[in-house]
>>> print(open('entry.csv').read())   # CSV, N, CA and C atoms and all ligand atoms
chain,number,residue,atom,x,y,z
U,278,MET,N,307.0,81.7,-85.9
U,278,MET,CA,306.8,81.8,-87.3
U,278,MET,C,308.0,82.6,-87.9
U,279,SER,N,308.5,82.0,-89.0
U,279,SER,CA,309.6,82.7,-89.6
U,279,SER,C,309.4,82.9,-91.1
U,280,ARG,N,310.0,83.9,-91.7
U,280,ARG,CA,309.9,84.1,-93.1
U,280,ARG,C,311.2,84.0,-93.8
U,281,ARG,N,311.2,83.3,-94.9
U,281,ARG,CA,312.5,83.1,-95.6
U,281,ARG,C,312.2,83.3,-97.1
U,282,PHE,N,312.7,84.4,-97.7
U,282,PHE,CA,312.4,84.7,-99.1
U,282,PHE,C,313.1,83.8,-100.0
U,283,ILE,N,312.5,83.5,-101.1
U,283,ILE,CA,313.1,82.6,-102.1
U,283,ILE,C,313.7,83.4,-103.2
U,284,ALA,N,315.0,83.4,-103.3
U,284,ALA,CA,315.6,84.2,-104.3
U,284,ALA,C,315.4,83.6,-105.7
U,285,GLY,N,315.0,84.5,-106.6
U,285,GLY,CA,314.9,84.0,-108.0
U,285,GLY,C,313.6,83.3,-108.3
U,286,ALA,N,312.7,83.2,-107.3
U,286,ALA,CA,311.4,82.5,-107.6
U,286,ALA,C,310.4,83.5,-108.2
U,287,ARG,N,309.6,82.9,-109.1
U,287,ARG,CA,308.5,83.7,-109.7
U,287,ARG,C,307.2,83.3,-109.2
U,288,CYS,N,306.4,84.3,-108.8
U,288,CYS,CA,305.1,84.1,-108.3
U,288,CYS,C,304.1,83.6,-109.4
U,289,GLN,N,303.4,82.6,-109.1
U,289,GLN,CA,302.4,82.0,-110.1
U,289,GLN,C,301.2,82.9,-110.2
U,290,GLY,N,301.0,83.8,-109.2
U,290,GLY,CA,299.8,84.6,-109.2
U,290,GLY,C,300.0,85.9,-110.0
U,291,CYS,N,301.1,86.6,-109.7
U,291,CYS,CA,301.3,87.9,-110.4
U,291,CYS,C,302.5,87.9,-111.2
U,292,ALA,N,303.3,86.8,-111.3
U,292,ALA,CA,304.5,86.7,-112.1
U,292,ALA,C,305.6,87.6,-111.7
U,293,ALA,N,305.5,88.1,-110.5
U,293,ALA,CA,306.6,89.0,-110.0
U,293,ALA,C,307.7,88.1,-109.4
U,294,GLU,N,308.9,88.5,-109.5
U,294,GLU,CA,310.1,87.8,-109.0
U,294,GLU,C,310.5,88.3,-107.6
U,295,ASP,N,311.0,87.4,-106.8
U,295,ASP,CA,311.6,87.7,-105.5
U,295,ASP,C,310.5,88.3,-104.6
U,296,THR,N,309.3,87.8,-104.7
U,296,THR,CA,308.2,88.3,-103.8
U,296,THR,C,307.7,87.1,-103.0
U,297,LEU,N,308.2,85.9,-103.3
U,297,LEU,CA,307.8,84.7,-102.6
U,297,LEU,C,308.6,84.4,-101.4
U,298,PHE,N,308.0,84.0,-100.3
U,298,PHE,CA,308.7,83.5,-99.2
U,298,PHE,C,308.1,82.4,-98.5
U,299,PHE,N,308.9,81.6,-97.8
U,299,PHE,CA,308.3,80.5,-97.0
U,299,PHE,C,307.8,81.0,-95.7
U,300,GLU,N,306.5,80.6,-95.4
U,300,GLU,CA,306.0,81.0,-94.1
U,300,GLU,C,305.8,79.7,-93.4
U,301,THR,N,306.6,79.6,-92.4
U,301,THR,CA,306.7,78.3,-91.6
U,301,THR,C,305.8,78.4,-90.4
U,302,ASP,N,304.8,77.6,-90.3
U,302,ASP,CA,304.1,77.5,-89.0
U,302,ASP,C,304.2,76.1,-88.5
U,303,SER,N,303.5,75.8,-87.5
U,303,SER,CA,303.7,74.6,-86.8
U,303,SER,C,303.3,73.4,-87.6
U,304,ALA,N,302.4,73.5,-88.6
U,304,ALA,CA,302.0,72.4,-89.3
U,304,ALA,C,302.8,72.1,-90.6
U,305,SER,N,302.9,73.2,-91.4
U,305,SER,CA,303.5,73.0,-92.7
U,305,SER,C,304.1,74.3,-93.2
U,306,ASP,N,304.9,74.1,-94.3
U,306,ASP,CA,305.4,75.3,-94.9
U,306,ASP,C,304.4,75.8,-96.0
U,307,VAL,N,304.3,77.1,-96.0
U,307,VAL,CA,303.4,77.7,-97.0
U,307,VAL,C,304.2,78.7,-97.8
U,308,VAL,N,304.1,78.7,-99.1
U,308,VAL,CA,304.7,79.7,-99.9
U,308,VAL,C,303.7,80.9,-100.2
U,309,ARG,N,304.2,82.1,-99.8
U,309,ARG,CA,303.3,83.2,-99.9
U,309,ARG,C,304.0,84.3,-100.7
U,310,CYS,N,303.1,85.1,-101.4
U,310,CYS,CA,303.6,86.2,-102.2
U,310,CYS,C,303.2,87.5,-101.5
U,311,VAL,N,304.2,88.4,-101.3
U,311,VAL,CA,304.0,89.6,-100.5
U,311,VAL,C,303.3,90.6,-101.4
U,312,ASP,N,303.3,90.4,-102.7
U,312,ASP,CA,302.8,91.3,-103.7
U,312,ASP,C,301.3,91.2,-103.9
U,313,CYS,N,300.8,89.9,-104.2
U,313,CYS,CA,299.4,89.7,-104.5
U,313,CYS,C,298.7,88.8,-103.6
U,314,GLY,N,299.4,88.3,-102.6
U,314,GLY,CA,298.8,87.4,-101.6
U,314,GLY,C,298.6,86.0,-102.0
U,315,PHE,N,299.2,85.6,-103.1
U,315,PHE,CA,299.2,84.3,-103.6
U,315,PHE,C,299.8,83.3,-102.5
U,316,THR,N,299.1,82.2,-102.3
U,316,THR,CA,299.6,81.2,-101.4
U,316,THR,C,299.6,79.8,-102.0
U,317,GLU,N,300.6,79.0,-101.6
U,317,GLU,CA,300.6,77.7,-102.0
U,317,GLU,C,301.0,76.8,-100.8
U,318,ALA,N,300.3,75.7,-100.7
U,318,ALA,CA,300.4,74.9,-99.5
U,318,ALA,C,301.8,74.3,-99.4
U,319,ARG,N,302.3,73.9,-100.5
U,319,ARG,CA,303.6,73.2,-100.5
U,319,ARG,C,304.7,74.1,-101.2
U,320,PRO,N,305.9,74.0,-100.7
U,320,PRO,CA,306.9,74.8,-101.3
U,320,PRO,C,307.1,74.5,-102.8
U,321,ILE,N,307.2,75.5,-103.6
U,321,ILE,CA,307.4,75.2,-105.0
U,321,ILE,C,308.8,74.7,-105.2
U,322,THR,N,309.0,74.1,-106.3
U,322,THR,CA,310.3,73.5,-106.6
U,322,THR,C,311.3,74.6,-107.0
U,323,VAL,N,312.2,74.9,-106.1
U,323,VAL,CA,313.1,76.0,-106.4
U,323,VAL,C,314.5,75.5,-106.0
U,324,ALA,N,315.4,75.8,-106.8
U,324,ALA,CA,316.8,75.4,-106.4
U,324,ALA,C,317.3,76.5,-105.5
U,325,VAL,N,317.3,76.3,-104.2
U,325,VAL,CA,317.8,77.3,-103.3
U,325,VAL,C,319.2,77.0,-103.0
U,326,ALA,N,320.0,78.0,-103.2
U,326,ALA,CA,321.4,77.8,-103.0
U,326,ALA,C,321.7,77.6,-101.5
U,327,THR,N,322.6,76.7,-101.2
U,327,THR,CA,323.0,76.5,-99.8
U,327,THR,C,324.5,76.7,-99.7
U,328,PRO,N,324.9,77.9,-99.4
U,328,PRO,CA,326.4,78.2,-99.4
U,328,PRO,C,327.1,77.3,-98.4
U,329,SER,N,326.4,76.8,-97.4
U,329,SER,CA,327.2,76.1,-96.4
U,329,SER,C,327.8,74.8,-96.9
U,330,GLU,N,327.3,74.3,-98.0
U,330,GLU,CA,327.8,73.0,-98.5
U,330,GLU,C,329.0,73.3,-99.5
U,331,ALA,N,329.1,74.5,-99.9
U,331,ALA,CA,330.1,74.9,-100.9
U,331,ALA,C,331.5,75.1,-100.2
U,332,VAL,N,331.4,75.8,-99.2
U,332,VAL,CA,332.7,76.2,-98.5
U,332,VAL,C,332.6,75.8,-97.0
U,333,GLU,N,333.5,75.1,-96.6
U,333,GLU,CA,333.6,74.7,-95.2
U,333,GLU,C,334.7,75.5,-94.6
U,334,ILE,N,334.3,76.3,-93.6
U,334,ILE,CA,335.3,77.2,-93.0
U,334,ILE,C,335.9,76.5,-91.7
U,335,VAL,N,337.2,76.4,-91.8
U,335,VAL,CA,337.9,75.7,-90.7
U,335,VAL,C,338.5,76.8,-89.8
U,336,PRO,N,338.1,76.9,-88.6
U,336,PRO,CA,338.7,78.0,-87.7
U,336,PRO,C,340.1,77.8,-87.5
U,337,LEU,N,340.9,78.9,-87.6
U,337,LEU,CA,342.3,78.8,-87.3
U,337,LEU,C,342.6,78.6,-85.8
U,338,LYS,N,343.6,77.8,-85.6
U,338,LYS,CA,343.9,77.5,-84.2
U,338,LYS,C,345.2,78.2,-83.9
U,339,PHE,N,345.2,79.1,-83.0
U,339,PHE,CA,346.4,79.7,-82.5
U,339,PHE,C,346.9,79.0,-81.3
U,340,PRO,N,348.2,78.9,-81.1
U,340,PRO,CA,348.7,78.3,-79.9
U,340,PRO,C,348.4,79.1,-78.6
U,341,MET,N,348.0,78.4,-77.6
U,341,MET,CA,347.6,79.0,-76.4
U,341,MET,C,348.9,79.5,-75.7
U,342,THR,N,348.8,80.7,-75.1
U,342,THR,CA,350.0,81.2,-74.4
U,342,THR,C,349.9,80.9,-72.9
U,401,ZN,ZN,302.3,87.4,-106.5
>>> encode(input="entry.csv", output="C-alpha cells")
Amino acid sequence: MSRRFIAGARCQGCAAEDTLFFETDSASDVVRCVDCGFTEARPITVAVATPSEAVEIVPLKFPMT
C-alpha cells in the first residue's frame, strides 16, 4: 500500500487543502483526508502535474577510454 498526496486538492469533508492522498490497495484507489478522515472511493478529478512529460532528460554520453 502506498500513499501519494494530491497537491492543491481540497477536501470535500473539511475543506482543507493538501490533506488528500491516494491510498492504493489491491482493489481500487481511495482518496483519503488525513485531517478529518474523509474518504472517497474514486479519485477526485484533479489535475496532477506530471513533470516527466514536460522535460525529457537525455543522458550525456562520454567517450569510453
Ligand atoms: Zn478533510
>>> closest_atom_pairs(input="entry.csv", of="chain U", to="ligand ZN 401 (chain U)", cutoff="6 Å", atoms="only C-alpha atoms and all ligand atoms", output="CSV")
residue,atom,partner,partner_atom,distance
U:Cys288,CA,U:ZN401,ZN,4.7
U:Gly290,CA,U:ZN401,ZN,4.6
U:Cys291,CA,U:ZN401,ZN,4.1
U:Ala293,CA,U:ZN401,ZN,5.8
U:Cys310,CA,U:ZN401,ZN,4.6
U:Asp312,CA,U:ZN401,ZN,4.8
U:Cys313,CA,U:ZN401,ZN,4.2
U:Phe315,CA,U:ZN401,ZN,5.3
>>> write_last_selection(input="entry.csv", atoms="N, CA and C atoms", output="PDB file, in the coordinates of the input")
ATOM      1  N   CYS U 288     306.400  84.300-108.800  1.00  0.00           N
ATOM      2  CA  CYS U 288     305.100  84.100-108.300  1.00  0.00           C
ATOM      3  C   CYS U 288     304.100  83.600-109.400  1.00  0.00           C
ATOM      4  N   GLY U 290     301.000  83.800-109.200  1.00  0.00           N
ATOM      5  CA  GLY U 290     299.800  84.600-109.200  1.00  0.00           C
ATOM      6  C   GLY U 290     300.000  85.900-110.000  1.00  0.00           C
ATOM      7  N   CYS U 291     301.100  86.600-109.700  1.00  0.00           N
ATOM      8  CA  CYS U 291     301.300  87.900-110.400  1.00  0.00           C
ATOM      9  C   CYS U 291     302.500  87.900-111.200  1.00  0.00           C
ATOM     10  N   ALA U 293     305.500  88.100-110.500  1.00  0.00           N
ATOM     11  CA  ALA U 293     306.600  89.000-110.000  1.00  0.00           C
ATOM     12  C   ALA U 293     307.700  88.100-109.400  1.00  0.00           C
ATOM     13  N   CYS U 310     303.100  85.100-101.400  1.00  0.00           N
ATOM     14  CA  CYS U 310     303.600  86.200-102.200  1.00  0.00           C
ATOM     15  C   CYS U 310     303.200  87.500-101.500  1.00  0.00           C
ATOM     16  N   ASP U 312     303.300  90.400-102.700  1.00  0.00           N
ATOM     17  CA  ASP U 312     302.800  91.300-103.700  1.00  0.00           C
ATOM     18  C   ASP U 312     301.300  91.200-103.900  1.00  0.00           C
ATOM     19  N   CYS U 313     300.800  89.900-104.200  1.00  0.00           N
ATOM     20  CA  CYS U 313     299.400  89.700-104.500  1.00  0.00           C
ATOM     21  C   CYS U 313     298.700  88.800-103.600  1.00  0.00           C
ATOM     22  N   PHE U 315     299.200  85.600-103.100  1.00  0.00           N
ATOM     23  CA  PHE U 315     299.200  84.300-103.600  1.00  0.00           C
ATOM     24  C   PHE U 315     299.800  83.300-102.500  1.00  0.00           C
TER      25      PHE U 315
END
>>> atom_distance(input="entry.csv", atom1="atom CA of Arg280 of chain U", atom2="atom CA of Thr316 of chain U")
13.5 Å
>>> residues_around(input="entry.csv", residues="Asp295 of chain U", least_positions_apart="5", cutoff="8 Å", atoms="only N, CA and C atoms", output="list in words")
Phe282, Ile283, Ala284, Gly285, Ala286, Arg287, Cys288, Cys310, Val311 and Asp312 of chain U
>>> write_last_selection(input="entry.csv", atoms="N, CA and C atoms", output="PDB file, keeping the file's coordinate frame")
ATOM      1  N   PHE U 282     312.700  84.400 -97.700  1.00  0.00           N
ATOM      2  CA  PHE U 282     312.400  84.700 -99.100  1.00  0.00           C
ATOM      3  C   PHE U 282     313.100  83.800-100.000  1.00  0.00           C
ATOM      4  N   ILE U 283     312.500  83.500-101.100  1.00  0.00           N
ATOM      5  CA  ILE U 283     313.100  82.600-102.100  1.00  0.00           C
ATOM      6  C   ILE U 283     313.700  83.400-103.200  1.00  0.00           C
ATOM      7  N   ALA U 284     315.000  83.400-103.300  1.00  0.00           N
ATOM      8  CA  ALA U 284     315.600  84.200-104.300  1.00  0.00           C
ATOM      9  C   ALA U 284     315.400  83.600-105.700  1.00  0.00           C
ATOM     10  N   GLY U 285     315.000  84.500-106.600  1.00  0.00           N
ATOM     11  CA  GLY U 285     314.900  84.000-108.000  1.00  0.00           C
ATOM     12  C   GLY U 285     313.600  83.300-108.300  1.00  0.00           C
ATOM     13  N   ALA U 286     312.700  83.200-107.300  1.00  0.00           N
ATOM     14  CA  ALA U 286     311.400  82.500-107.600  1.00  0.00           C
ATOM     15  C   ALA U 286     310.400  83.500-108.200  1.00  0.00           C
ATOM     16  N   ARG U 287     309.600  82.900-109.100  1.00  0.00           N
ATOM     17  CA  ARG U 287     308.500  83.700-109.700  1.00  0.00           C
ATOM     18  C   ARG U 287     307.200  83.300-109.200  1.00  0.00           C
ATOM     19  N   CYS U 288     306.400  84.300-108.800  1.00  0.00           N
ATOM     20  CA  CYS U 288     305.100  84.100-108.300  1.00  0.00           C
ATOM     21  C   CYS U 288     304.100  83.600-109.400  1.00  0.00           C
ATOM     22  N   CYS U 310     303.100  85.100-101.400  1.00  0.00           N
ATOM     23  CA  CYS U 310     303.600  86.200-102.200  1.00  0.00           C
ATOM     24  C   CYS U 310     303.200  87.500-101.500  1.00  0.00           C
ATOM     25  N   VAL U 311     304.200  88.400-101.300  1.00  0.00           N
ATOM     26  CA  VAL U 311     304.000  89.600-100.500  1.00  0.00           C
ATOM     27  C   VAL U 311     303.300  90.600-101.400  1.00  0.00           C
ATOM     28  N   ASP U 312     303.300  90.400-102.700  1.00  0.00           N
ATOM     29  CA  ASP U 312     302.800  91.300-103.700  1.00  0.00           C
ATOM     30  C   ASP U 312     301.300  91.200-103.900  1.00  0.00           C
TER      31      ASP U 312
END
>>> atom_distance(input="entry.csv", atom1="atom CA of Glu300 of chain U", atom2="atom C of Ser279 of chain U")
4.9 Å
>>> atom_distance(input="entry.csv", atom1="atom CA of Pro336 of chain U", atom2="atom CA of Arg281 of chain U")
27.8 Å
>>> axis_aligned_box(input="entry.csv", around="segment 304-310 of chain U", padding_each_side="5 Å", output="JSON")
{"center_x": 303.7, "center_y": 79.8, "center_z": -95.4, "size_x": 13.4, "size_y": 25.4, "size_z": 23.6}
